[in-house]
Amino acid sequence: MKITLLGTGSPIPDPNRAGPCTLVQAADQNVMVDCGRGALMRLMAAGVVPPMVGTLLITHLHSDHITDLNDLVTSRWVMSPVNVPLTVYGPLGTRAMVDAMLRMLELDQQYRHDHHDDLRANGPLTVTVHELEPGARFSIGAIAVSVHETDHRPVRPSIGFRLEFDGRIAALAGDTIPCAGVDEMCRNADAYVQTVIRDDLVKFVADMVPTGARFRDILDYHSTVEQAAQTAARTGVKNLVLTHYVPPMQAGQEDDWRSRAAAHFTGNIVLGPDLTSIEI
């Protein structure tokens, strides 16, 4: 099982980091988890063309986690010889979001049908949506997936995914604070992927900008680096993979971020630029 951080950025546009997105490759499957801005560019950089992605898992419906969904859908459609719908799994509300996106793409679809006979013959642009609640289980090929509750309130619902294949376990959370559902998802996982913030830097930046109060609000619904490390230690995780760095991790800061996690977790800590990967 290979895990690649396609996008390690945040809602704040960053010239060096795409938006939140992780690629899991196992059992001849390419599974994307969330689909933030620039995810398709990073997907190509990872050597995967859009038609090779059959499944997208969405942790929650914050805009920075779904910005590139329309690009994934349309790119797969126009690059595929046959129309194989993307399968999307997400929390309640995902179907309404996808339906609205498809309405937004109706003119684009019409233009392409008018120009390409084979696309018109393949039929309309479609997406297969499965809305999930914690406790759900399903399979992506030979990969077993379970769904776990996370805590990103007031964003509700929000979920994480535990993927198991060939004795290996990857636990992937979106934005959340530590909670029982995350602990359950991470129990004895080979890798735990967690979005994180630096509370010290968030407070520093909040004091410097006009929207500081709004920026400071993010402290109450994201895991800090230290909290992610404590979760990993508490649940027996082997590899802690940090992503979605807020504020953006700057060049030369990697050791500082890693040391904050290492104070609470003695296992392997993975962080870095987009396209950082680990095999488990």
# chains A, B, ... in the order shown; residues from 1 in each chain; ligands from 1
call {"tool": "select_by_dssp", "arguments": {"residues": "region 51-270 of chain A", "states": "strand (DSSP E)", "output": "ChimeraX atom specification"}}
result
/A:55-57,86-91,127-132,137-140,143-149,159-165,168-172,191-197,239-246,268-270
call {"tool": "closest_atom_pairs", "arguments": {"of": "region 149-218 of chain A", "to": "region 11-35 of chain A", "cutoff": "10 Å", "atoms": "only C-alpha atoms", "output": "tab-separated table"}}
result
residue	atom	partner	partner_atom	distance
A:Gly160	CA	A:Val33	CA	9.5
A:Phe161	CA	A:Val33	CA	8.8
A:Leu163	CA	A:Val24	CA	9.0
A:Glu164	CA	A:Ala26	CA	9.3
A:Phe165	CA	A:Ala26	CA	7.2
A:Asp166	CA	A:Ala27	CA	8.6
A:Arg168	CA	A:Ala26	CA	9.8
A:Ala170	CA	A:Val24	CA	8.6
A:Leu172	CA	A:Val33	CA	8.0
A:Ala173	CA	A:Val33	CA	9.2
A:Gly174	CA	A:Asp34	CA	8.2
A:Asp175	CA	A:Pro20	CA	9.9
A:Val193	CA	A:Thr22	CA	8.7
A:Thr195	CA	A:Pro20	CA	8.5
call {"tool": "closest_residue", "arguments": {"among": "A:Ile169, A:Ile197, A:Leu57, A:Ala232", "to": "Phe138 (chain A)", "atoms": "only C-alpha atoms"}}
result
A:Leu57
call {"tool": "select_by_dssp", "arguments": {"residues": "region 27-176 of chain A", "states": "alpha helix (DSSP H)", "output": "ChimeraX atom specification"}}
result
/A:39-45,69-79,94-104,106-115,117-122
call {"tool": "write_last_selection", "arguments": {"atoms": "C-alpha atoms", "output": "PDB file, in the first residue's frame"}}
result
ATOM      1  CA  ALA A  39      -5.170  17.972  -6.996  1.00  0.00           C
ATOM      2  CA  LEU A  40      -5.334  16.924 -10.651  1.00  0.00           C
ATOM      3  CA  MET A  41      -1.998  18.566 -11.424  1.00  0.00           C
ATOM      4  CA  ARG A  42      -0.390  16.701  -8.545  1.00  0.00           C
ATOM      5  CA  LEU A  43      -2.125  13.476  -9.578  1.00  0.00           C
ATOM      6  CA  MET A  44      -0.447  13.702 -12.986  1.00  0.00           C
ATOM      7  CA  ALA A  45       2.873  14.478 -11.295  1.00  0.00           C
ATOM      8  CA  LEU A  69     -13.938  17.596  -7.855  1.00  0.00           C
ATOM      9  CA  ASN A  70     -15.386  19.050 -11.059  1.00  0.00           C
ATOM     10  CA  ASP A  71     -11.943  18.844 -12.685  1.00  0.00           C
ATOM     11  CA  LEU A  72     -11.594  15.192 -11.668  1.00  0.00           C
ATOM     12  CA  VAL A  73     -15.045  14.356 -13.041  1.00  0.00           C
ATOM     13  CA  THR A  74     -14.666  16.172 -16.367  1.00  0.00           C
ATOM     14  CA  SER A  75     -11.031  15.126 -16.927  1.00  0.00           C
ATOM     15  CA  ARG A  76     -11.881  11.460 -16.420  1.00  0.00           C
ATOM     16  CA  TRP A  77     -14.826  11.829 -18.809  1.00  0.00           C
ATOM     17  CA  VAL A  78     -12.978  13.484 -21.691  1.00  0.00           C
ATOM     18  CA  MET A  79      -9.859  11.307 -21.326  1.00  0.00           C
ATOM     19  CA  THR A  94     -22.503  14.763  -0.707  1.00  0.00           C
ATOM     20  CA  ARG A  95     -25.284  13.871  -3.147  1.00  0.00           C
ATOM     21  CA  ALA A  96     -26.746  17.399  -3.121  1.00  0.00           C
ATOM     22  CA  MET A  97     -23.275  18.873  -3.637  1.00  0.00           C
ATOM     23  CA  VAL A  98     -22.536  16.554  -6.577  1.00  0.00           C
ATOM     24  CA  ASP A  99     -25.946  17.193  -8.149  1.00  0.00           C
ATOM     25  CA  ALA A 100     -25.312  20.946  -7.985  1.00  0.00           C
ATOM     26  CA  MET A 101     -21.864  20.478  -9.526  1.00  0.00           C
ATOM     27  CA  LEU A 102     -23.322  18.455 -12.406  1.00  0.00           C
ATOM     28  CA  ARG A 103     -25.855  21.217 -13.054  1.00  0.00           C
ATOM     29  CA  MET A 104     -22.972  23.688 -13.183  1.00  0.00           C
ATOM     30  CA  GLU A 106     -24.361  21.123 -18.052  1.00  0.00           C
ATOM     31  CA  LEU A 107     -23.215  23.746 -20.583  1.00  0.00           C
ATOM     32  CA  ASP A 108     -19.704  22.313 -20.692  1.00  0.00           C
ATOM     33  CA  GLN A 109     -21.165  18.854 -21.286  1.00  0.00           C
ATOM     34  CA  GLN A 110     -23.382  20.200 -24.072  1.00  0.00           C
ATOM     35  CA  TYR A 111     -20.433  21.886 -25.799  1.00  0.00           C
ATOM     36  CA  ARG A 112     -18.399  18.689 -25.713  1.00  0.00           C
ATOM     37  CA  HIS A 113     -21.300  16.547 -26.924  1.00  0.00           C
ATOM     38  CA  ASP A 114     -21.822  18.984 -29.800  1.00  0.00           C
ATOM     39  CA  HIS A 115     -18.172  18.641 -30.783  1.00  0.00           C
ATOM     40  CA  ASP A 117     -19.585  12.265 -31.509  1.00  0.00           C
ATOM     41  CA  ASP A 118     -17.989   9.548 -29.380  1.00  0.00           C
ATOM     42  CA  LEU A 119     -18.597  11.452 -26.132  1.00  0.00           C
ATOM     43  CA  ARG A 120     -22.226  11.937 -27.114  1.00  0.00           C
ATOM     44  CA  ALA A 121     -22.507   8.214 -27.844  1.00  0.00           C
ATOM     45  CA  ASN A 122     -21.096   7.445 -24.382  1.00  0.00           C
TER      46      ASN A 122
END
call {"tool": "residues_around", "arguments": {"residues": "Asp199 (chain A)", "least_positions_apart": "6", "cutoff": "12 Å", "atoms": "only C-alpha atoms", "output": "PyMOL selection string"}}
result
chain A and resi 205-206+215-227+245-247+257+260
call {"tool": "write_last_selection", "arguments": {"atoms": "C-alpha atoms", "output": "compact mmCIF listing (two decimals), in the first residue's frame"}}
result
# COMPACT_ATOMS: atom_id res chain seq x y z
CA VAL A 205 -0.56 35.30 12.59
CA ALA A 206 -4.00 36.07 14.04
CA PHE A 215 -8.25 32.90 11.70
CA ARG A 216 -8.01 32.21 15.43
CA ASP A 217 -11.35 30.38 15.27
CA ILE A 218 -9.70 27.45 13.47
CA LEU A 219 -7.97 26.47 16.69
CA ASP A 220 -11.09 24.82 18.10
CA TYR A 221 -11.72 22.31 15.31
CA HIS A 222 -8.34 21.14 14.01
CA SER A 223 -5.78 18.81 15.56
CA THR A 224 -2.50 20.40 16.48
CA VAL A 225 0.73 18.65 15.56
CA GLU A 226 1.06 17.60 19.18
CA GLN A 227 -2.50 16.26 19.38
CA TYR A 245 -0.24 22.44 7.27
CA VAL A 246 -1.72 25.59 8.79
CA PRO A 247 -0.06 28.05 8.55
CA TRP A 257 7.29 20.59 12.96
CA ARG A 260 6.89 18.85 18.07
call {"tool": "decode", "arguments": {"residues": "region 104-198 of chain A", "atoms": "C-alpha atoms", "output": "short mmCIF file (atom, residue, chain, number, x, y, z; two decimals), in the first residue's frame"}}
result
data_model
loop_
_atom_site.label_atom_id
_atom_site.label_comp_id
_atom_site.auth_asym_id
_atom_site.auth_seq_id
_atom_site.Cartn_x
_atom_site.Cartn_y
_atom_site.Cartn_z
CA MET A 104 -22.97 23.69 -13.18
CA LEU A 105 -21.29 21.48 -15.81
CA GLU A 106 -24.36 21.12 -18.05
CA LEU A 107 -23.22 23.75 -20.58
CA ASP A 108 -19.70 22.31 -20.69
CA GLN A 109 -21.17 18.85 -21.29
CA GLN A 110 -23.38 20.20 -24.07
CA TYR A 111 -20.43 21.89 -25.80
CA ARG A 112 -18.40 18.69 -25.71
CA HIS A 113 -21.30 16.55 -26.92
CA ASP A 114 -21.82 18.98 -29.80
CA HIS A 115 -18.17 18.64 -30.78
CA HIS A 116 -17.35 14.98 -30.10
CA ASP A 117 -19.58 12.26 -31.51
CA ASP A 118 -17.99 9.55 -29.38
CA LEU A 119 -18.60 11.45 -26.13
CA ARG A 120 -22.23 11.94 -27.11
CA ALA A 121 -22.51 8.21 -27.84
CA ASN A 122 -21.10 7.44 -24.38
CA GLY A 123 -24.03 9.20 -22.76
CA PRO A 124 -24.30 11.91 -20.11
CA LEU A 125 -21.74 12.84 -17.54
CA THR A 126 -22.58 10.87 -14.39
CA VAL A 127 -21.20 10.33 -10.90
CA THR A 128 -22.15 7.45 -8.61
CA VAL A 129 -22.62 8.79 -5.07
CA HIS A 130 -22.81 6.84 -1.82
CA GLU A 131 -23.62 8.82 1.31
CA LEU A 132 -22.18 7.26 4.44
CA GLU A 133 -22.57 7.37 8.17
CA PRO A 134 -20.08 6.19 10.81
CA GLY A 135 -20.11 2.41 11.09
CA ALA A 136 -20.57 1.82 7.37
CA ARG A 137 -18.37 -0.73 5.63
CA PHE A 138 -17.73 -1.32 1.94
CA SER A 139 -15.06 -2.53 -0.47
CA ILE A 140 -13.07 -0.91 -3.24
CA GLY A 141 -11.93 -3.96 -5.15
CA ALA A 142 -9.92 -5.95 -2.61
CA ILE A 143 -9.60 -3.00 -0.21
CA ALA A 144 -11.87 -3.16 2.84
CA VAL A 145 -13.05 0.25 4.06
CA SER A 146 -14.72 1.27 7.30
CA VAL A 147 -16.15 4.70 8.10
CA HIS A 148 -15.52 6.50 11.39
CA GLU A 149 -16.93 9.61 13.02
CA THR A 150 -14.61 12.60 13.36
CA ASP A 151 -15.20 15.89 15.20
CA HIS A 152 -14.97 19.04 13.08
CA ARG A 153 -17.92 20.83 14.64
CA PRO A 154 -19.72 22.99 13.65
CA VAL A 155 -19.09 21.09 10.40
CA ARG A 156 -21.44 18.11 10.55
CA PRO A 157 -21.15 15.38 9.57
CA SER A 158 -17.45 14.70 9.09
CA ILE A 159 -15.90 11.26 8.67
CA GLY A 160 -12.61 9.41 8.33
CA PHE A 161 -11.73 6.21 6.53
CA ARG A 162 -9.81 3.08 7.52
CA LEU A 163 -8.50 1.13 4.52
CA GLU A 164 -7.24 -2.44 4.91
CA PHE A 165 -5.48 -4.58 2.33
CA ASP A 166 -3.10 -7.52 2.59
CA GLY A 167 -2.67 -7.06 6.33
CA ARG A 168 -1.86 -3.35 6.04
CA ILE A 169 -4.00 -0.57 7.50
CA ALA A 170 -4.16 3.09 6.54
CA ALA A 171 -6.26 5.49 8.62
CA LEU A 172 -7.11 8.79 6.96
CA ALA A 173 -8.79 11.67 8.76
CA GLY A 174 -9.78 15.02 7.39
CA ASP A 175 -10.11 18.06 9.62
CA THR A 176 -10.90 17.00 13.18
CA ILE A 177 -9.92 17.32 16.79
CA PRO A 178 -9.02 14.17 18.78
CA CYS A 179 -12.09 12.07 19.54
CA ALA A 180 -13.18 8.49 20.13
CA GLY A 181 -14.01 7.95 16.47
CA VAL A 182 -10.50 8.90 15.38
CA ASP A 183 -9.01 6.61 18.03
CA GLU A 184 -11.14 3.74 16.75
CA MET A 185 -10.09 4.44 13.16
CA CYS A 186 -6.40 4.56 14.04
CA ARG A 187 -6.13 1.52 16.30
CA ASN A 188 -2.88 -0.34 15.36
CA ALA A 189 -2.79 1.30 11.92
CA ASP A 190 0.37 1.09 9.86
CA ALA A 191 -0.13 4.72 8.80
CA TYR A 192 -2.30 7.53 10.15
CA VAL A 193 -2.76 10.57 7.90
CA GLN A 194 -3.90 13.67 9.79
CA THR A 195 -4.42 17.32 8.88
CA VAL A 196 -2.70 19.55 11.43
CA ILE A 197 -2.20 23.10 12.59
CA ARG A 198 0.48 24.86 14.61
#
